[in-house]
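Participant: Below is the file query_30.cif, which contains mmCIF, N, CA and C atoms.
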```cif
data_upload
loop_
_atom_site.label_atom_id
_atom_site.label_comp_id
_atom_site.auth_asym_id
_atom_site.auth_seq_id
_atom_site.Cartn_x
_atom_site.Cartn_y
_atom_site.Cartn_z
N MET A 21 43.16 14.81 28.18
CA MET A 21 43.53 14.71 26.78
C MET A 21 43.43 13.26 26.29
N LYS A 22 43.80 12.31 27.16
CA LYS A 22 43.75 10.90 26.79
C LYS A 22 42.30 10.47 26.56
N ILE A 23 41.39 10.93 27.39
CA ILE A 23 39.97 10.60 27.25
C ILE A 23 39.43 11.17 25.94
N PHE A 24 39.86 12.37 25.59
CA PHE A 24 39.44 12.99 24.33
C PHE A 24 39.87 12.14 23.14
N ARG A 25 41.10 11.65 23.15
CA ARG A 25 41.60 10.83 22.05
C ARG A 25 40.82 9.52 21.94
N ILE A 26 40.57 8.89 23.07
CA ILE A 26 39.81 7.63 23.07
C ILE A 26 38.41 7.87 22.53
N THR A 27 37.78 8.94 22.97
CA THR A 27 36.43 9.28 22.50
C THR A 27 36.44 9.54 21.00
N LEU A 28 37.44 10.26 20.52
CA LEU A 28 37.54 10.56 19.10
C LEU A 28 37.73 9.29 18.27
N VAL A 29 38.58 8.39 18.73
CA VAL A 29 38.81 7.13 18.02
C VAL A 29 37.52 6.30 17.98
N LEU A 30 36.82 6.21 19.09
CA LEU A 30 35.56 5.45 19.13
C LEU A 30 34.51 6.07 18.22
N LEU A 31 34.43 7.38 18.20
CA LEU A 31 33.48 8.06 17.33
C LEU A 31 33.78 7.81 15.86
N LEU A 32 35.05 7.88 15.49
CA LEU A 32 35.45 7.60 14.10
C LEU A 32 35.15 6.15 13.72
N ALA A 33 35.39 5.22 14.63
CA ALA A 33 35.09 3.81 14.36
C ALA A 33 33.59 3.61 14.15
N LEU A 34 32.79 4.26 14.96
CA LEU A 34 31.34 4.17 14.83
C LEU A 34 30.86 4.74 13.50
N LEU A 35 31.38 5.89 13.12
CA LEU A 35 31.01 6.51 11.85
C LEU A 35 31.40 5.64 10.66
N THR A 36 32.57 5.04 10.72
CA THR A 36 33.04 4.17 9.64
C THR A 36 32.14 2.96 9.48
N SER A 37 31.74 2.34 10.60
CA SER A 37 30.88 1.16 10.50
C SER A 37 29.49 1.54 10.00
N THR A 38 29.00 2.71 10.35
CA THR A 38 27.69 3.17 9.89
C THR A 38 27.70 3.40 8.38
N VAL A 39 28.75 4.01 7.87
CA VAL A 39 28.86 4.27 6.43
C VAL A 39 28.95 2.96 5.66
N SER A 40 29.76 2.01 6.14
CA SER A 40 29.88 0.74 5.41
C SER A 40 28.58 -0.04 5.46
N SER A 41 27.85 0.06 6.56
CA SER A 41 26.55 -0.61 6.67
C SER A 41 25.56 -0.01 5.68
N ALA A 42 25.55 1.30 5.54
CA ALA A 42 24.65 1.96 4.60
C ALA A 42 25.01 1.59 3.17
N GLN A 43 26.29 1.47 2.87
CA GLN A 43 26.69 1.09 1.52
C GLN A 43 26.28 -0.34 1.21
N GLU A 44 26.38 -1.24 2.19
CA GLU A 44 25.99 -2.62 1.98
C GLU A 44 24.50 -2.74 1.72
N SER A 45 23.70 -1.87 2.31
CA SER A 45 22.25 -1.97 2.11
C SER A 45 21.85 -1.61 0.69
N ASN A 46 22.73 -0.97 -0.06
CA ASN A 46 22.44 -0.60 -1.44
C ASN A 46 23.06 -1.57 -2.45
N VAL A 47 23.40 -2.77 -2.00
CA VAL A 47 24.01 -3.76 -2.87
C VAL A 47 23.03 -4.13 -3.98
N ASP A 48 23.51 -4.18 -5.22
CA ASP A 48 22.66 -4.58 -6.34
C ASP A 48 22.61 -6.10 -6.38
N SER A 49 21.44 -6.66 -6.10
CA SER A 49 21.29 -8.10 -6.07
C SER A 49 21.03 -8.68 -7.45
N GLY A 50 20.77 -7.83 -8.44
CA GLY A 50 20.48 -8.31 -9.77
C GLY A 50 19.01 -8.63 -9.99
N VAL A 51 18.22 -8.56 -8.94
CA VAL A 51 16.79 -8.85 -9.03
C VAL A 51 16.07 -7.62 -9.59
N LYS A 52 15.13 -7.84 -10.48
CA LYS A 52 14.33 -6.74 -11.03
C LYS A 52 13.12 -6.52 -10.14
N TRP A 53 13.31 -5.77 -9.07
CA TRP A 53 12.25 -5.52 -8.10
C TRP A 53 11.16 -4.66 -8.73
N GLN A 54 9.93 -4.98 -8.41
CA GLN A 54 8.77 -4.24 -8.90
C GLN A 54 8.12 -3.52 -7.73
N SER A 55 7.36 -2.50 -8.03
CA SER A 55 6.54 -1.89 -6.98
C SER A 55 5.39 -2.85 -6.69
N LEU A 56 4.79 -2.72 -5.54
CA LEU A 56 3.69 -3.61 -5.17
C LEU A 56 2.52 -3.46 -6.15
N GLU A 57 2.25 -2.23 -6.55
CA GLU A 57 1.15 -1.99 -7.48
C GLU A 57 1.41 -2.67 -8.83
N GLU A 58 2.64 -2.51 -9.35
CA GLU A 58 3.01 -3.15 -10.62
C GLU A 58 2.93 -4.66 -10.50
N ALA A 59 3.41 -5.18 -9.38
CA ALA A 59 3.43 -6.63 -9.17
C ALA A 59 2.03 -7.20 -9.14
N GLN A 60 1.11 -6.52 -8.48
CA GLN A 60 -0.27 -7.02 -8.41
C GLN A 60 -0.90 -7.04 -9.80
N LYS A 61 -0.62 -6.01 -10.58
CA LYS A 61 -1.16 -5.94 -11.95
C LYS A 61 -0.58 -7.07 -12.80
N LYS A 62 0.75 -7.25 -12.73
CA LYS A 62 1.40 -8.30 -13.51
C LYS A 62 0.97 -9.69 -13.06
N ALA A 63 0.71 -9.85 -11.76
CA ALA A 63 0.27 -11.15 -11.24
C ALA A 63 -1.07 -11.54 -11.84
N LYS A 64 -1.96 -10.58 -11.98
CA LYS A 64 -3.26 -10.86 -12.60
C LYS A 64 -3.10 -11.24 -14.07
N GLU A 65 -2.17 -10.56 -14.75
CA GLU A 65 -1.95 -10.81 -16.18
C GLU A 65 -1.25 -12.14 -16.44
N THR A 66 -0.28 -12.49 -15.59
CA THR A 66 0.58 -13.65 -15.86
C THR A 66 0.24 -14.89 -15.03
N GLY A 67 -0.46 -14.71 -13.93
CA GLY A 67 -0.75 -15.84 -13.05
C GLY A 67 0.40 -16.18 -12.11
N LYS A 68 1.47 -15.39 -12.16
CA LYS A 68 2.60 -15.62 -11.25
C LYS A 68 2.25 -15.13 -9.85
N LYS A 69 2.94 -15.68 -8.87
CA LYS A 69 2.76 -15.25 -7.49
C LYS A 69 3.68 -14.06 -7.19
N VAL A 70 3.26 -13.22 -6.26
CA VAL A 70 4.06 -12.07 -5.83
C VAL A 70 4.91 -12.53 -4.65
N LEU A 71 6.22 -12.34 -4.75
CA LEU A 71 7.13 -12.64 -3.66
C LEU A 71 7.52 -11.32 -3.01
N ILE A 72 7.23 -11.19 -1.73
CA ILE A 72 7.56 -9.95 -1.02
C ILE A 72 8.75 -10.19 -0.10
N PHE A 73 9.79 -9.40 -0.32
CA PHE A 73 10.99 -9.44 0.52
C PHE A 73 10.92 -8.24 1.45
N GLY A 74 10.58 -8.49 2.71
CA GLY A 74 10.55 -7.43 3.71
C GLY A 74 11.94 -7.29 4.32
N TYR A 75 12.43 -6.08 4.38
CA TYR A 75 13.78 -5.85 4.87
C TYR A 75 13.86 -4.59 5.71
N ALA A 76 14.99 -4.44 6.39
CA ALA A 76 15.34 -3.21 7.10
C ALA A 76 16.81 -2.94 6.80
N ASP A 77 17.18 -1.69 6.73
CA ASP A 77 18.56 -1.33 6.39
C ASP A 77 19.57 -1.85 7.41
N TRP A 78 19.16 -2.04 8.65
CA TRP A 78 20.06 -2.49 9.70
C TRP A 78 20.12 -4.01 9.80
N CYS A 79 19.27 -4.72 9.08
CA CYS A 79 19.11 -6.17 9.21
C CYS A 79 20.27 -6.92 8.56
N THR A 80 21.06 -7.60 9.37
CA THR A 80 22.21 -8.35 8.89
C THR A 80 21.80 -9.45 7.93
N TYR A 81 20.73 -10.16 8.26
CA TYR A 81 20.29 -11.28 7.41
C TYR A 81 19.73 -10.78 6.07
N CYS A 82 19.10 -9.62 6.09
CA CYS A 82 18.60 -9.03 4.84
C CYS A 82 19.77 -8.69 3.91
N MET A 83 20.81 -8.10 4.47
CA MET A 83 21.99 -7.76 3.67
C MET A 83 22.65 -9.02 3.13
N LYS A 84 22.68 -10.06 3.96
CA LYS A 84 23.26 -11.34 3.53
C LYS A 84 22.46 -11.92 2.36
N MET A 85 21.13 -11.84 2.44
CA MET A 85 20.28 -12.31 1.34
C MET A 85 20.60 -11.55 0.06
N ARG A 86 20.71 -10.22 0.16
CA ARG A 86 21.01 -9.40 -1.02
C ARG A 86 22.36 -9.71 -1.63
N LYS A 87 23.36 -9.94 -0.77
CA LYS A 87 24.72 -10.14 -1.25
C LYS A 87 25.00 -11.56 -1.70
N GLU A 88 24.39 -12.56 -1.02
CA GLU A 88 24.78 -13.94 -1.26
C GLU A 88 23.69 -14.81 -1.91
N THR A 89 22.44 -14.55 -1.61
CA THR A 89 21.38 -15.43 -2.10
C THR A 89 20.78 -14.94 -3.41
N TYR A 90 20.29 -13.72 -3.43
CA TYR A 90 19.62 -13.21 -4.63
C TYR A 90 20.52 -13.17 -5.87
N PRO A 91 21.82 -12.90 -5.75
CA PRO A 91 22.65 -12.86 -6.96
C PRO A 91 22.94 -14.24 -7.59
N THR A 92 22.65 -15.35 -6.89
CA THR A 92 22.96 -16.66 -7.46
C THR A 92 22.08 -16.95 -8.67
N GLU A 93 22.64 -17.68 -9.61
CA GLU A 93 21.97 -17.92 -10.89
C GLU A 93 20.64 -18.66 -10.73
N ASN A 94 20.63 -19.71 -9.88
CA ASN A 94 19.39 -20.48 -9.75
C ASN A 94 18.28 -19.69 -9.06
N VAL A 95 18.64 -18.82 -8.12
CA VAL A 95 17.63 -17.98 -7.47
C VAL A 95 17.11 -16.94 -8.47
N GLN A 96 18.00 -16.34 -9.23
CA GLN A 96 17.60 -15.37 -10.25
C GLN A 96 16.62 -16.00 -11.25
N LYS A 97 16.93 -17.22 -11.68
CA LYS A 97 16.07 -17.91 -12.66
C LYS A 97 14.71 -18.21 -12.05
N SER A 98 14.70 -18.72 -10.84
CA SER A 98 13.43 -19.04 -10.17
C SER A 98 12.58 -17.80 -9.97
N LEU A 99 13.21 -16.71 -9.55
CA LEU A 99 12.46 -15.47 -9.35
C LEU A 99 11.86 -14.97 -10.66
N SER A 100 12.65 -14.98 -11.72
CA SER A 100 12.12 -14.45 -12.99
C SER A 100 11.11 -15.39 -13.63
N ASP A 101 11.26 -16.70 -13.45
CA ASP A 101 10.33 -17.66 -14.06
C ASP A 101 9.02 -17.80 -13.30
N ASP A 102 9.08 -17.76 -11.97
CA ASP A 102 7.92 -18.14 -11.16
C ASP A 102 7.29 -17.03 -10.33
N PHE A 103 7.99 -15.93 -10.14
CA PHE A 103 7.51 -14.90 -9.22
C PHE A 103 7.63 -13.50 -9.81
N ILE A 104 6.94 -12.59 -9.16
CA ILE A 104 7.12 -11.16 -9.40
C ILE A 104 7.65 -10.60 -8.08
N PRO A 105 8.95 -10.29 -8.02
CA PRO A 105 9.56 -9.89 -6.75
C PRO A 105 9.30 -8.42 -6.38
N VAL A 106 8.98 -8.24 -5.10
CA VAL A 106 8.74 -6.91 -4.54
C VAL A 106 9.57 -6.83 -3.26
N GLN A 107 10.25 -5.72 -3.06
CA GLN A 107 10.93 -5.52 -1.77
C GLN A 107 10.30 -4.34 -1.06
N ILE A 108 10.08 -4.53 0.24
CA ILE A 108 9.43 -3.51 1.04
C ILE A 108 10.28 -3.25 2.28
N ASN A 109 10.64 -1.99 2.48
CA ASN A 109 11.38 -1.60 3.67
C ASN A 109 10.41 -1.55 4.83
N GLY A 110 10.62 -2.41 5.81
CA GLY A 110 9.73 -2.51 6.96
C GLY A 110 9.70 -1.27 7.82
N GLU A 111 10.66 -0.39 7.66
CA GLU A 111 10.70 0.83 8.46
C GLU A 111 10.24 2.06 7.68
N SER A 112 9.75 1.85 6.49
CA SER A 112 9.29 2.96 5.66
C SER A 112 7.99 3.52 6.21
N GLU A 113 7.82 4.81 6.05
CA GLU A 113 6.59 5.49 6.47
C GLU A 113 5.51 5.37 5.39
N GLU A 114 5.89 4.87 4.23
CA GLU A 114 4.98 4.77 3.09
C GLU A 114 3.85 3.78 3.39
N GLU A 115 2.64 4.18 3.05
CA GLU A 115 1.49 3.31 3.26
C GLU A 115 1.50 2.19 2.22
N ILE A 116 1.22 0.97 2.68
CA ILE A 116 1.21 -0.19 1.79
C ILE A 116 -0.22 -0.68 1.66
N VAL A 117 -0.68 -0.78 0.42
CA VAL A 117 -2.03 -1.29 0.16
C VAL A 117 -1.88 -2.54 -0.68
N PHE A 118 -2.32 -3.67 -0.14
CA PHE A 118 -2.21 -4.94 -0.83
C PHE A 118 -3.60 -5.46 -1.14
N ASN A 119 -3.86 -5.72 -2.39
CA ASN A 119 -5.16 -6.23 -2.82
C ASN A 119 -5.06 -7.71 -3.13
N GLY A 120 -4.86 -8.52 -2.10
CA GLY A 120 -4.66 -9.94 -2.38
C GLY A 120 -5.36 -10.85 -1.46
#
```
Would it be possible to restate this file's structure as structure tokens?
Facilitator:
Amino acid sequence: MKIFRITLVLLLALLTSTVSSAQESNVDSGVKWQSLEEAQKKAKETGKKVLIFGYADWCTYCMKMRKETYPTENVQKSLSDDFIPVQINGESEEEIVFNG
């Protein structure tokens, strides 16, 4: 019975951390992300460079960038003034075609 309780507590702790991790990956950074296709089209029209943010849902540093770096005012201004931002999930099955 004691082993069952310990296993149950560990399982609940694991589920809780997984849910909070998934919620953090959906943090709104305030960046107006574009699709790669849209970004390439806009880059030709505006002369701006395409900035690609490659991420994974499990990546601690990616979540940190979304929560702490991208929301800052100077980063937001630089992204909107100088770049066309695109984010790509590195674990996605979606085919990526880059014409650059």
Participant: Report, in Å with one decimal, the straight-line distance from atom C of Asp102 in chain A to atom N of Cys79 in chain A.
Facilitator: 25.9 Å
Participant: What is the CA of Glu93 in chain A-atom N of Val70 in chain A distance in Å, reported with one decimal?
Facilitator: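 One can read the CA of Glu93 in chain A to atom N of Val70 in chain A distance as 19.8 Å.
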Participant: Counting all atoms listed in the file, which residue out of A:Ala76, A:Thr66, A:Glu57, A:Gly50 sits closest to Asn109 in chain A?
Facilitator: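 Under the stated criterion, the closest residue is A:Ala76.
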Participant: Enumerate, as a list in words, the residues matched when the PyMOL selection byres (((chain A and resi 103 and name CA) around 8) and name CA) is run on the file above.
Facilitator: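 Given this file, the PyMOL selection byres (((chain A and resi 103 and name CA) around 8) and name CA) evaluates to Lys68, Lys69, Val70, Leu71, Ser98, Leu99, Ser100, Asp101, Asp102, Ile104 and Pro105 of chain A.
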Participant: Would you compute the distance between CA of Val106 in chain A and atom C of Tyr75 in chain A? Give it in Å to one decimal.
Facilitator: 11.7 Å
